[in-house]
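The next block is input21.cif, given as mmCIF, C-alpha atoms.
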```cif
data_structure
loop_
_atom_site.label_atom_id
_atom_site.label_comp_id
_atom_site.auth_asym_id
_atom_site.auth_seq_id
_atom_site.Cartn_x
_atom_site.Cartn_y
_atom_site.Cartn_z
CA MET T 12 6.08 53.83 40.18
CA THR T 13 9.39 52.30 39.05
CA ARG T 14 8.45 49.07 40.78
CA ILE T 15 5.12 48.98 38.88
CA LEU T 16 6.92 49.53 35.56
CA ASN T 17 9.42 46.78 36.34
CA ARG T 18 6.60 44.41 37.19
CA SER T 19 4.83 45.24 33.88
CA ALA T 20 8.04 44.73 31.94
CA CYS T 21 8.56 41.34 33.59
CA HIS T 22 4.99 40.39 32.80
CA CYS T 23 5.47 41.33 29.10
CA LEU T 24 8.68 39.32 28.94
CA LEU T 25 6.97 36.27 30.41
CA VAL T 26 4.13 36.54 27.88
CA LEU T 27 6.63 36.89 25.01
CA ALA T 28 8.60 33.89 26.25
CA ALA T 29 5.42 31.81 26.50
CA CYS T 30 4.50 32.83 22.92
CA ALA T 31 7.98 31.87 21.68
CA VAL T 32 7.69 28.45 23.33
CA ALA T 33 4.23 27.94 21.75
CA VAL T 34 5.51 28.91 18.27
CA THR T 35 8.50 26.56 18.61
CA ALA T 36 6.18 23.75 19.75
CA ILE T 37 3.96 24.24 16.67
CA ALA T 38 7.01 24.31 14.42
CA ASN T 39 8.27 21.13 16.07
CA ASP T 40 4.91 19.43 15.55
CA GLU T 41 4.96 20.38 11.86
CA PHE T 42 8.54 19.17 11.55
CA GLU T 43 7.74 15.85 13.21
CA HIS T 44 4.65 15.37 11.04
CA ALA T 45 6.63 16.08 7.85
CA LYS T 46 9.28 13.63 9.07
CA LYS T 47 6.66 10.92 9.50
CA LEU T 48 5.20 11.63 6.06
CA TYR T 49 8.72 11.44 4.61
CA ASP T 50 9.34 8.08 6.30
CA THR T 51 6.04 6.80 4.91
CA TYR T 52 6.12 8.03 1.32
CA CYS T 53 9.51 9.49 0.36
CA ALA T 54 11.99 7.22 2.15
CA GLN T 55 11.17 4.24 -0.08
CA CYS T 56 13.24 5.93 -2.82
CA HIS T 57 15.00 8.89 -1.20
CA GLY T 58 16.15 6.84 1.79
CA MET T 59 15.71 6.82 5.53
CA GLY T 60 19.00 8.76 5.55
CA ARG T 61 17.50 11.31 3.07
CA ASP T 62 20.56 10.70 0.88
CA GLY T 63 18.78 9.33 -2.22
CA LYS T 64 19.68 5.73 -1.35
CA GLY T 65 16.32 4.21 -0.47
CA ILE T 66 15.50 0.51 -0.82
CA ASN T 67 14.06 1.12 -4.30
CA SER T 68 17.00 3.14 -5.59
CA PRO T 69 19.42 0.37 -6.74
CA THR T 70 17.27 -0.67 -9.71
CA MET T 71 16.07 2.80 -10.74
CA SER T 72 17.16 4.21 -14.09
CA THR T 73 17.33 7.71 -12.60
CA ALA T 74 18.82 8.08 -9.14
CA PRO T 75 16.47 9.66 -6.60
CA ARG T 76 17.48 13.11 -5.33
CA ASN T 77 19.81 13.38 -2.38
CA HIS T 78 17.83 15.61 -0.03
CA LEU T 79 20.89 16.44 2.02
CA SER T 80 22.38 18.23 -0.98
CA GLU T 81 22.62 22.00 -0.77
CA ASN T 82 21.19 22.20 -4.31
CA ILE T 83 17.75 21.51 -2.89
CA GLY T 84 17.90 24.91 -1.24
CA ASN T 85 18.18 26.54 -4.68
CA ILE T 86 14.90 25.11 -6.00
CA PRO T 87 12.11 27.70 -5.68
CA GLU T 88 9.35 26.92 -3.19
CA ALA T 89 6.59 26.90 -5.84
CA GLU T 90 8.53 24.39 -7.96
CA MET T 91 9.14 22.15 -4.96
CA GLU T 92 5.42 22.17 -4.16
CA LYS T 93 4.55 21.36 -7.78
CA ILE T 94 6.96 18.41 -7.92
CA ILE T 95 5.59 16.93 -4.70
CA ARG T 96 1.97 17.55 -5.69
CA GLU T 97 2.07 16.56 -9.38
CA GLY T 98 5.25 14.53 -9.77
CA GLY T 99 8.47 14.80 -11.78
CA LEU T 100 6.81 14.86 -15.22
CA ALA T 101 5.04 18.14 -14.33
CA VAL T 102 8.45 19.88 -14.35
CA ASN T 103 10.05 17.77 -17.09
CA LYS T 104 11.84 15.54 -14.61
CA SER T 105 11.69 11.79 -14.04
CA VAL T 106 8.43 9.85 -14.21
CA LEU T 107 9.81 7.82 -11.32
CA MET T 108 8.91 10.68 -8.99
CA PRO T 109 5.10 10.40 -8.71
CA GLY T 110 2.75 13.10 -7.49
CA TRP T 111 1.59 12.75 -3.90
CA GLU T 112 -1.56 14.85 -3.80
CA SER T 113 -3.66 11.72 -3.19
CA VAL T 114 -2.05 11.27 0.23
CA MET T 115 -0.86 14.75 1.25
CA THR T 116 -2.97 17.85 1.78
CA ASP T 117 -1.82 21.26 0.50
CA GLU T 118 -0.79 22.14 4.04
CA GLU T 119 1.23 18.95 4.37
CA ILE T 120 2.94 19.58 1.03
CA LYS T 121 3.95 23.07 2.19
CA GLY T 122 5.16 21.53 5.46
CA MET T 123 7.20 19.00 3.47
CA VAL T 124 8.86 21.80 1.47
CA SER T 125 9.82 23.54 4.72
CA TYR T 126 11.15 20.25 6.05
CA LEU T 127 13.26 19.67 2.91
CA TYR T 128 14.71 23.20 3.09
CA GLU T 129 15.53 22.55 6.74
CA ILE T 130 17.32 19.20 6.27
CA CYS T 131 19.14 19.99 3.02
CA CYS T 132 21.46 22.55 4.46
CA ARG T 133 21.42 21.82 8.17
CA GLU T 134 25.07 20.76 8.30
CA ASN T 135 26.15 23.94 6.56
CA LYS T 136 24.10 26.31 8.70
CA MET H 27 -51.26 -36.73 -6.15
CA ASN H 28 -50.19 -38.50 -9.30
CA PRO H 29 -47.53 -41.18 -8.40
CA THR H 30 -45.57 -40.31 -11.57
CA HIS H 31 -45.14 -36.79 -10.26
CA GLY H 32 -43.84 -38.17 -7.00
CA LYS H 33 -41.20 -40.19 -8.87
CA GLN H 34 -40.14 -37.04 -10.74
CA LEU H 35 -39.98 -35.03 -7.55
CA LEU H 36 -37.74 -37.46 -5.66
CA PRO H 37 -34.51 -36.80 -7.62
CA ALA H 38 -35.16 -33.04 -7.46
CA LEU H 39 -35.70 -33.28 -3.72
CA GLY H 40 -32.48 -35.27 -3.36
CA LEU H 41 -30.56 -32.67 -5.36
CA SER H 42 -31.98 -29.83 -3.30
CA THR H 43 -31.06 -31.61 -0.07
CA ALA H 44 -27.54 -32.22 -1.32
CA LEU H 45 -27.21 -28.55 -2.31
CA LEU H 46 -28.53 -27.43 1.05
CA LEU H 47 -26.14 -29.74 2.88
CA GLY H 48 -23.30 -28.42 0.75
CA ILE H 49 -24.21 -24.84 1.59
CA LEU H 50 -24.53 -25.66 5.30
CA GLN H 51 -21.18 -27.44 5.24
CA SER H 52 -19.39 -24.57 3.49
CA THR H 53 -21.00 -22.10 5.91
CA ALA H 54 -19.74 -24.17 8.84
CA ILE H 55 -16.22 -24.25 7.31
CA ALA H 56 -16.28 -20.47 6.80
CA ASP H 57 -17.52 -19.96 10.38
CA ASP H 58 -14.62 -22.06 11.65
CA GLY H 59 -12.29 -20.00 9.47
CA TYR H 60 -13.63 -16.75 10.85
CA ARG H 61 -12.97 -17.95 14.39
CA ILE H 62 -9.35 -18.69 13.40
CA LEU H 63 -9.11 -15.27 11.76
CA GLN H 64 -10.32 -13.54 14.91
CA ASP H 65 -8.07 -15.58 17.22
CA GLN H 66 -4.87 -15.67 15.18
CA CYS H 67 -4.92 -12.99 12.48
CA ALA H 68 -6.74 -9.93 13.82
CA ALA H 69 -3.71 -8.69 15.76
CA CYS H 70 -1.92 -7.87 12.48
CA HIS H 71 -4.74 -7.58 9.92
CA ALA H 72 -7.93 -5.49 9.93
CA LEU H 73 -10.89 -7.82 9.41
CA GLN H 74 -13.31 -4.88 9.39
CA LYS H 75 -12.89 -1.45 7.89
CA PRO H 76 -11.02 0.54 10.55
CA GLU H 77 -12.98 3.43 12.09
CA LYS H 78 -9.91 5.66 11.94
CA GLU H 79 -7.74 5.11 8.90
CA GLY H 80 -5.15 7.77 9.70
CA LEU H 81 -1.45 7.69 8.92
CA ASP H 82 -0.86 5.85 12.20
CA HIS H 83 -2.88 2.89 10.91
CA VAL H 84 -0.29 2.06 8.23
CA TRP H 85 2.48 2.31 10.84
CA GLU H 86 0.76 0.20 13.45
CA ARG H 87 -0.61 -2.71 11.43
CA GLY H 88 1.46 -5.83 10.93
CA GLY H 89 0.07 -6.79 7.52
CA PRO H 90 -2.37 -5.71 4.84
CA ASP H 91 -6.01 -5.06 5.71
CA LEU H 92 -8.12 -8.12 4.96
CA TYR H 93 -11.64 -6.74 5.25
CA TYR H 94 -12.04 -6.74 1.45
CA SER H 95 -10.26 -10.06 0.77
CA GLY H 96 -13.30 -11.48 -1.01
CA VAL H 97 -13.03 -8.95 -3.81
CA LYS H 98 -9.22 -9.00 -3.86
CA PHE H 99 -7.83 -12.53 -3.75
CA ARG H 100 -8.36 -15.69 -5.75
CA HIS H 101 -9.74 -18.38 -3.47
CA GLU H 102 -7.46 -21.19 -4.64
CA TRP H 103 -4.36 -19.02 -4.23
CA LEU H 104 -5.31 -18.10 -0.66
CA GLU H 105 -5.79 -21.74 0.27
CA ARG H 106 -2.37 -22.67 -1.10
CA TRP H 107 -0.51 -19.63 0.21
CA LEU H 108 -1.74 -20.05 3.78
CA GLN H 109 -0.14 -23.51 3.82
CA ASP H 110 3.12 -22.29 2.31
CA PRO H 111 3.38 -18.52 2.81
CA GLN H 112 6.05 -16.99 0.57
CA ARG H 113 6.99 -13.36 1.21
CA ILE H 114 5.13 -11.01 -1.13
CA ARG H 115 6.25 -7.69 0.39
CA PRO H 116 10.07 -7.64 0.53
CA GLY H 117 10.00 -4.92 3.19
CA ALA H 118 6.86 -6.16 5.00
CA GLU H 119 4.46 -3.54 6.38
CA LEU H 120 5.50 -0.82 6.90
CA TYR H 121 8.83 -1.10 5.07
CA SER H 122 10.32 1.85 7.01
CA ARG H 123 10.15 -0.18 10.21
CA TYR H 124 12.46 -2.83 8.77
CA VAL H 125 15.02 -0.69 6.96
CA ILE H 126 18.54 -0.08 8.15
CA SER H 127 20.26 3.03 6.84
CA THR H 128 23.92 2.54 5.96
CA PRO H 129 26.47 4.78 4.18
CA ASP H 130 26.05 2.51 1.12
CA GLY H 131 22.32 2.96 1.14
CA ASP H 132 19.27 1.53 2.84
CA ARG H 133 18.79 -2.18 3.16
CA ILE H 134 16.01 -4.33 4.55
CA ASP H 135 16.97 -6.00 7.80
CA GLY H 136 16.00 -9.57 6.93
CA ASP H 137 16.45 -10.77 10.52
CA SER H 138 13.79 -8.38 11.78
CA LEU H 139 11.14 -9.27 9.20
CA PRO H 140 8.14 -11.08 10.68
CA GLU H 141 7.38 -14.58 9.42
CA HIS H 142 3.79 -15.43 8.50
CA PRO H 143 2.34 -18.44 10.37
CA VAL H 144 1.83 -21.64 8.39
CA LEU H 145 -1.64 -23.21 8.51
CA GLU H 146 -2.59 -26.88 8.25
CA GLN H 147 -4.64 -27.82 5.17
CA GLU H 148 -8.01 -27.92 6.98
CA ASP H 149 -7.43 -24.58 8.69
CA ALA H 150 -6.16 -23.01 5.46
CA LYS H 151 -9.31 -24.17 3.69
CA ALA H 152 -11.51 -22.73 6.44
CA VAL H 153 -9.64 -19.41 6.62
CA ALA H 154 -9.65 -19.01 2.84
CA SER H 155 -13.43 -19.58 2.80
CA ALA H 156 -13.91 -17.03 5.57
CA LEU H 157 -11.71 -14.47 3.81
CA MET H 158 -13.66 -14.84 0.59
CA ARG H 159 -16.77 -13.72 2.48
CA LEU H 160 -15.17 -10.42 3.50
CA LYS H 161 -16.27 -8.13 0.68
CA GLY H 162 -15.68 -4.65 2.16
CA PRO H 163 -17.97 -1.70 1.40
CA ASP H 164 -20.29 -1.85 -1.63
CA GLY H 165 -18.75 -0.55 -4.83
CA LEU H 166 -15.14 -0.78 -3.63
CA VAL H 167 -14.25 -2.73 -6.75
CA GLU H 168 -15.71 -1.80 -10.14
CA GLU H 169 -17.33 -5.09 -11.11
CA GLY H 170 -16.80 -5.95 -14.76
CA ALA H 171 -14.36 -3.07 -15.25
CA TYR H 172 -11.64 -5.25 -16.73
CA ALA H 173 -12.40 -5.73 -20.42
CA ASP H 174 -10.12 -8.76 -20.94
CA GLU H 175 -8.74 -7.59 -24.26
CA GLN H 176 -5.49 -8.87 -25.72
CA VAL H 177 -2.45 -7.12 -24.26
CA SER H 178 0.94 -6.89 -25.91
CA SER H 179 3.39 -8.10 -23.25
CA ALA H 180 6.32 -6.20 -24.70
CA ARG H 181 4.44 -2.90 -24.83
CA ALA H 182 2.93 -3.40 -21.37
CA GLN H 183 6.33 -4.33 -19.96
CA MET H 184 7.80 -1.08 -21.27
CA PHE H 185 4.84 0.76 -19.81
CA PHE H 186 5.24 -0.92 -16.42
CA GLY H 187 9.00 -0.55 -16.33
CA ARG H 188 9.76 2.77 -17.96
CA LEU H 189 6.81 4.86 -19.08
CA ARG H 190 4.80 4.79 -15.85
CA GLY H 191 7.54 3.84 -13.42
CA CYS H 192 5.63 1.03 -11.64
CA ALA H 193 8.88 -0.96 -11.46
CA GLY H 194 10.31 1.79 -9.28
CA CYS H 195 8.50 0.20 -6.32
CA HIS H 196 7.39 -3.23 -7.61
CA ALA H 197 9.37 -6.15 -8.98
CA ILE H 198 8.01 -8.81 -11.31
CA ASP H 199 11.16 -10.90 -10.92
CA PRO H 200 12.90 -10.53 -7.56
CA GLY H 201 15.84 -8.16 -7.84
CA ASP H 202 14.50 -6.55 -11.01
CA GLY H 203 12.48 -3.73 -9.49
CA GLY H 204 11.68 -1.85 -6.32
CA ARG H 205 11.18 -3.41 -2.93
CA SER H 206 8.76 -1.16 -1.07
CA GLY H 207 5.71 -2.49 -2.91
CA PRO H 208 4.45 -6.06 -3.16
CA ASN H 209 6.19 -8.34 -5.63
CA LEU H 210 3.88 -8.70 -8.63
CA GLY H 211 5.37 -11.84 -10.18
CA SER H 212 2.37 -13.84 -8.94
CA ALA H 213 -0.26 -11.09 -9.35
CA GLY H 214 -2.27 -13.04 -11.92
CA SER H 215 -2.51 -16.08 -9.64
CA ARG H 216 -3.13 -14.06 -6.52
CA LEU H 217 -5.51 -11.25 -7.46
CA GLN H 218 -8.89 -10.83 -9.15
CA PRO H 219 -8.90 -8.84 -12.42
CA ASP H 220 -11.39 -6.15 -11.33
CA PHE H 221 -9.48 -5.65 -8.09
CA ILE H 222 -6.22 -5.03 -9.98
CA TYR H 223 -7.98 -2.52 -12.23
CA SER H 224 -9.73 -0.72 -9.36
CA TYR H 225 -6.68 -0.64 -7.10
CA ILE H 226 -4.37 0.82 -9.76
CA LYS H 227 -7.05 3.39 -10.56
CA ASN H 228 -7.37 4.57 -6.97
CA PRO H 229 -5.28 2.88 -4.25
CA GLN H 230 -6.53 5.39 -1.67
CA ALA H 231 -10.10 4.11 -2.04
CA PHE H 232 -8.85 0.89 -0.45
CA ASP H 233 -6.21 2.27 1.84
CA PRO H 234 -6.30 6.08 2.32
CA HIS H 235 -2.68 6.42 3.50
CA VAL H 236 -0.98 3.65 1.54
CA TRP H 237 2.44 4.56 0.09
CA MET H 238 1.33 3.91 -3.49
CA PRO H 239 0.09 7.21 -4.95
CA ARG H 240 -2.86 7.59 -7.30
CA GLN H 241 -1.56 8.09 -10.83
CA SER H 242 -3.30 9.84 -13.64
CA LEU H 243 -3.92 6.92 -16.02
CA SER H 244 -6.19 6.67 -19.03
CA GLU H 245 -8.73 3.86 -19.39
CA ARG H 246 -6.46 2.27 -22.01
CA ASP H 247 -3.48 2.39 -19.63
CA LEU H 248 -5.51 0.81 -16.84
CA GLN H 249 -6.67 -2.03 -19.09
CA MET H 250 -3.13 -2.65 -20.35
CA LEU H 251 -1.55 -2.69 -16.88
CA THR H 252 -4.30 -4.96 -15.54
CA GLY H 253 -3.88 -7.34 -18.48
CA TYR H 254 -0.10 -7.33 -18.02
CA LEU H 255 -0.32 -8.14 -14.31
CA LEU H 256 -2.80 -10.93 -14.99
CA GLN H 257 -0.15 -12.50 -17.24
CA GLN H 258 2.17 -12.74 -14.21
CA ARG H 259 1.33 -16.16 -12.84
CA LEU H 260 2.98 -18.77 -10.71
CA LEU H 261 4.94 -21.32 -12.76
CA GLU H 262 3.29 -24.34 -11.12
CA GLU H 263 -0.10 -23.05 -12.26
CA ASP H 264 1.08 -22.99 -15.87
CA ASP H 265 2.42 -26.54 -15.44
CA GLU H 266 -1.00 -27.72 -14.28
CA GLU H 267 -2.69 -26.58 -17.48
#
```
Exercise: express the given structure as structure tokens:
Amino acid sequence: MTRILNRSACHCLLVLAACAVAVTAIANDEFEHAKKLYDTYCAQCHGMGRDGKGINSPTMSTAPRNHLSENIGNIPEAEMEKIIREGGLAVNKSVLMPGWESVMTDEEIKGMVSYLYEICCRENK
Amino acid sequence: MNPTHGKQLLPALGLSTALLLGILQSTAIADDGYRILQDQCAACHALQKPEKEGLDHVWERGGPDLYYSGVKFRHEWLERWLQDPQRIRPGAELYSRYVISTPDGDRIDGDSLPEHPVLEQEDAKAVASALMRLKGPDGLVEEGAYADEQVSSARAQMFFGRLRGCAGCHAIDPGDGGRSGPNLGSAGSRLQPDFIYSYIKNPQAFDPHVWMPRQSLSERDLQMLTGYLLQQRLLEEDDEE
């Protein structure tokens, strides 16, 4: 009887471990996709280093946000989504930040917000 | 048959023959050009609308899609540029592939940028003719959309630079604007008016994953920006007039 229970417990653990690996893999896929979107659309101003120093930044009248700054973590999720979707003007910020809804789906915008929360405070975690 | 009629018909027949020969000759030139396009250009440029225009397409291509060149470029500019290609996109395509990140900020790695091949005059003429025949899907460009009304340069410049933020990614004069988008200092010499209008209105209609977003612009804004960009012409063109 004990042996049967042990075997069941092992089986459950294996299933749980497999689920955890699957979830991590999905999260990694989302992270990698957001990273690629960032390198396509955001990096031109916010920089390949995510530090606000993209190739367009030197001549801009308002400096692009440094996405490694902890302050990013204080911006509510809904506001982040709105800025990415509709642009800076939608939240009374710079016109230089355009809206990206023509190239990102709602799901991708949510994924980008998660990505930004992840990278902004990684060094301090 | 009245002999007088025959005399009248002869010049008309001669003119028709000359026209036909002209058409045949230009068709032959364009055919030659298309062969060059397929052999030398297709590795970097899409000559037909890609079946899959996903995000990977903008990362994998070496230059802009050319399958709608005939509604985009001015013929005479193409012919000249192919013989003396000057860089239009400071960061090439895709800019991210040519950027080096440094503590002082990103910079374009000039050594890694690809150089465009130079064509001999005959080949440039043939390729330009072939490109002008590539029109893309019907309705891609709104024909006759540009109204050609007078545009105040000063107002449009403020609009381009500050009010709509176009200068964030595009420069008119090198060093006086962004670098991820094409330089627009020669836009008026390079591009057709209705293309400029249609592209600003909806870049994703041409290139679904291009890194220029669709902006919410009024008809008046679109006309003003198109007019302003048409004013940006190569100096040598102005000298010729």
Quiz item: For chain H, which residues have at least one atom within 7 Å of chain T, if we go by all atoms listed in the file? Write them as a VMD selection string, please.
Solution: chain H and resid 122 127 131 to 133 190 to 191 194 to 195 202 to 206 235 237 239 to 240
Self-check item: Using all atoms listed in the file: which of T:Met91, T:Ile86, T:Cys132, T:Val102 has the shortest distance to Ile120 of chain T
Solution: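 That would be T:Met91, the residue with the smallest distance to Ile120 of chain T.
Between Val236 of chain H and the candidates H:Gln112, H:Pro37, H:Tyr121, H:Gly96, the tightest atom-to-atom separation, counting all atoms listed in the file, involves H:Tyr121.
Reported to one decimal place, the separation of atom CA of Arg159 of chain H from atom CA of Asp91 of chain H is 14.2 Å.
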Quiz prompt | Residues matched by the PyMOL selection byres ((chain H and resi 58) around 12) as a ChimeraX atom specification | solution = /H:51-57,59-65,148-157
Exercise. Choose the residue, out of H:Gln66, H:Ser224, H:Gln176, H:Ser242, that has the smallest atom-to-atom separation from Tyr254 of chain H; count all atoms listed in the file.
Key: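 The shortest atom-to-atom distance to Tyr254 of chain H comes from H:Gln176.
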Self-check item: Interatomic distance (Å, one decimal) between atom CA of Ala171 of chain H and atom CA of Thr252 of chain H
Solution: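 Separating atom CA of Ala171 of chain H from atom CA of Thr252 of chain H is a distance of 10.2 Å.
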Practice problem: Quick one: everything within 7 Å of Trp103 of chain H, counting all atoms listed in the file, minus sequence neighbours fewer than 3 positions away in the same chain. Send it as a list in words. | Solution: Arg100, Arg106, Trp107, Ser215 and Arg216 of chain H
Quiz item: Residues picked by the PyMOL selection byres ((chain H and resi 223) around 9) here, as JSON, numbers by chain?
Solution: {"H": [167, 168, 171, 172, 218, 219, 220, 221, 222, 224, 225, 226, 227, 228, 248, 249, 251, 252, 253]}
Could you write out the selected residues, including C-alpha atoms, as a PDB file, in the frame of the given file?
```pdb
ATOM      1  CA  VAL H 167     -14.250  -2.730  -6.750  1.00  0.00           C
ATOM      2  CA  GLU H 168     -15.710  -1.800 -10.140  1.00  0.00           C
ATOM      3  CA  ALA H 171     -14.360  -3.070 -15.250  1.00  0.00           C
ATOM      4  CA  TYR H 172     -11.640  -5.250 -16.730  1.00  0.00           C
ATOM      5  CA  GLN H 218      -8.890 -10.830  -9.150  1.00  0.00           C
ATOM      6  CA  PRO H 219      -8.900  -8.840 -12.420  1.00  0.00           C
ATOM      7  CA  ASP H 220     -11.390  -6.150 -11.330  1.00  0.00           C
ATOM      8  CA  PHE H 221      -9.480  -5.650  -8.090  1.00  0.00           C
ATOM      9  CA  ILE H 222      -6.220  -5.030  -9.980  1.00  0.00           C
ATOM     10  CA  SER H 224      -9.730  -0.720  -9.360  1.00  0.00           C
ATOM     11  CA  TYR H 225      -6.680  -0.640  -7.100  1.00  0.00           C
ATOM     12  CA  ILE H 226      -4.370   0.820  -9.760  1.00  0.00           C
ATOM     13  CA  LYS H 227      -7.050   3.390 -10.560  1.00  0.00           C
ATOM     14  CA  ASN H 228      -7.370   4.570  -6.970  1.00  0.00           C
ATOM     15  CA  LEU H 248      -5.510   0.810 -16.840  1.00  0.00           C
ATOM     16  CA  GLN H 249      -6.670  -2.030 -19.090  1.00  0.00           C
ATOM     17  CA  LEU H 251      -1.550  -2.690 -16.880  1.00  0.00           C
ATOM     18  CA  THR H 252      -4.300  -4.960 -15.540  1.00  0.00           C
ATOM     19  CA  GLY H 253      -3.880  -7.340 -18.480  1.00  0.00           C
TER      20      GLY H 253
END
```
Around all the atoms of segment 87-97 of chain T listed in the file, draw an axis-aligned box and extend it by 3 Å on each of the six sides; I want its centre and edge lengths in Å to one decimal, as JSON.
```
{"center_x": 7.0, "center_y": 22.1, "center_z": -6.3, "size_x": 16.1, "size_y": 17.1, "size_z": 12.2}
```
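Atom CA of Arg113 of chain H is found 13.4 Å from atom CA of Ile198 of chain H.
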Quiz prompt | Residue nearest Ala173 of chain H - candidates H:Leu139, H:Met250, H:Val84, H:Leu260, atoms counted: all atoms listed in the file | solution =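 For Ala173 of chain H, the nearest of the given residues is H:Met250.
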Exercise. Mind checking which residues fall within 10 Å of Asp117 of chain T, counting all atoms listed in the file, ignoring those fewer than 6 positions away in the same chain, and posting them as a list in words?
Key: Glu92, Arg96 and Met123 of chain T
Quiz prompt | Answer as an NGL selection string, residues within 6 Å of (2.4, -16.6, -12.9) using only C-alpha atoms | solution = :H and (212 or 214-215 or 258-261)
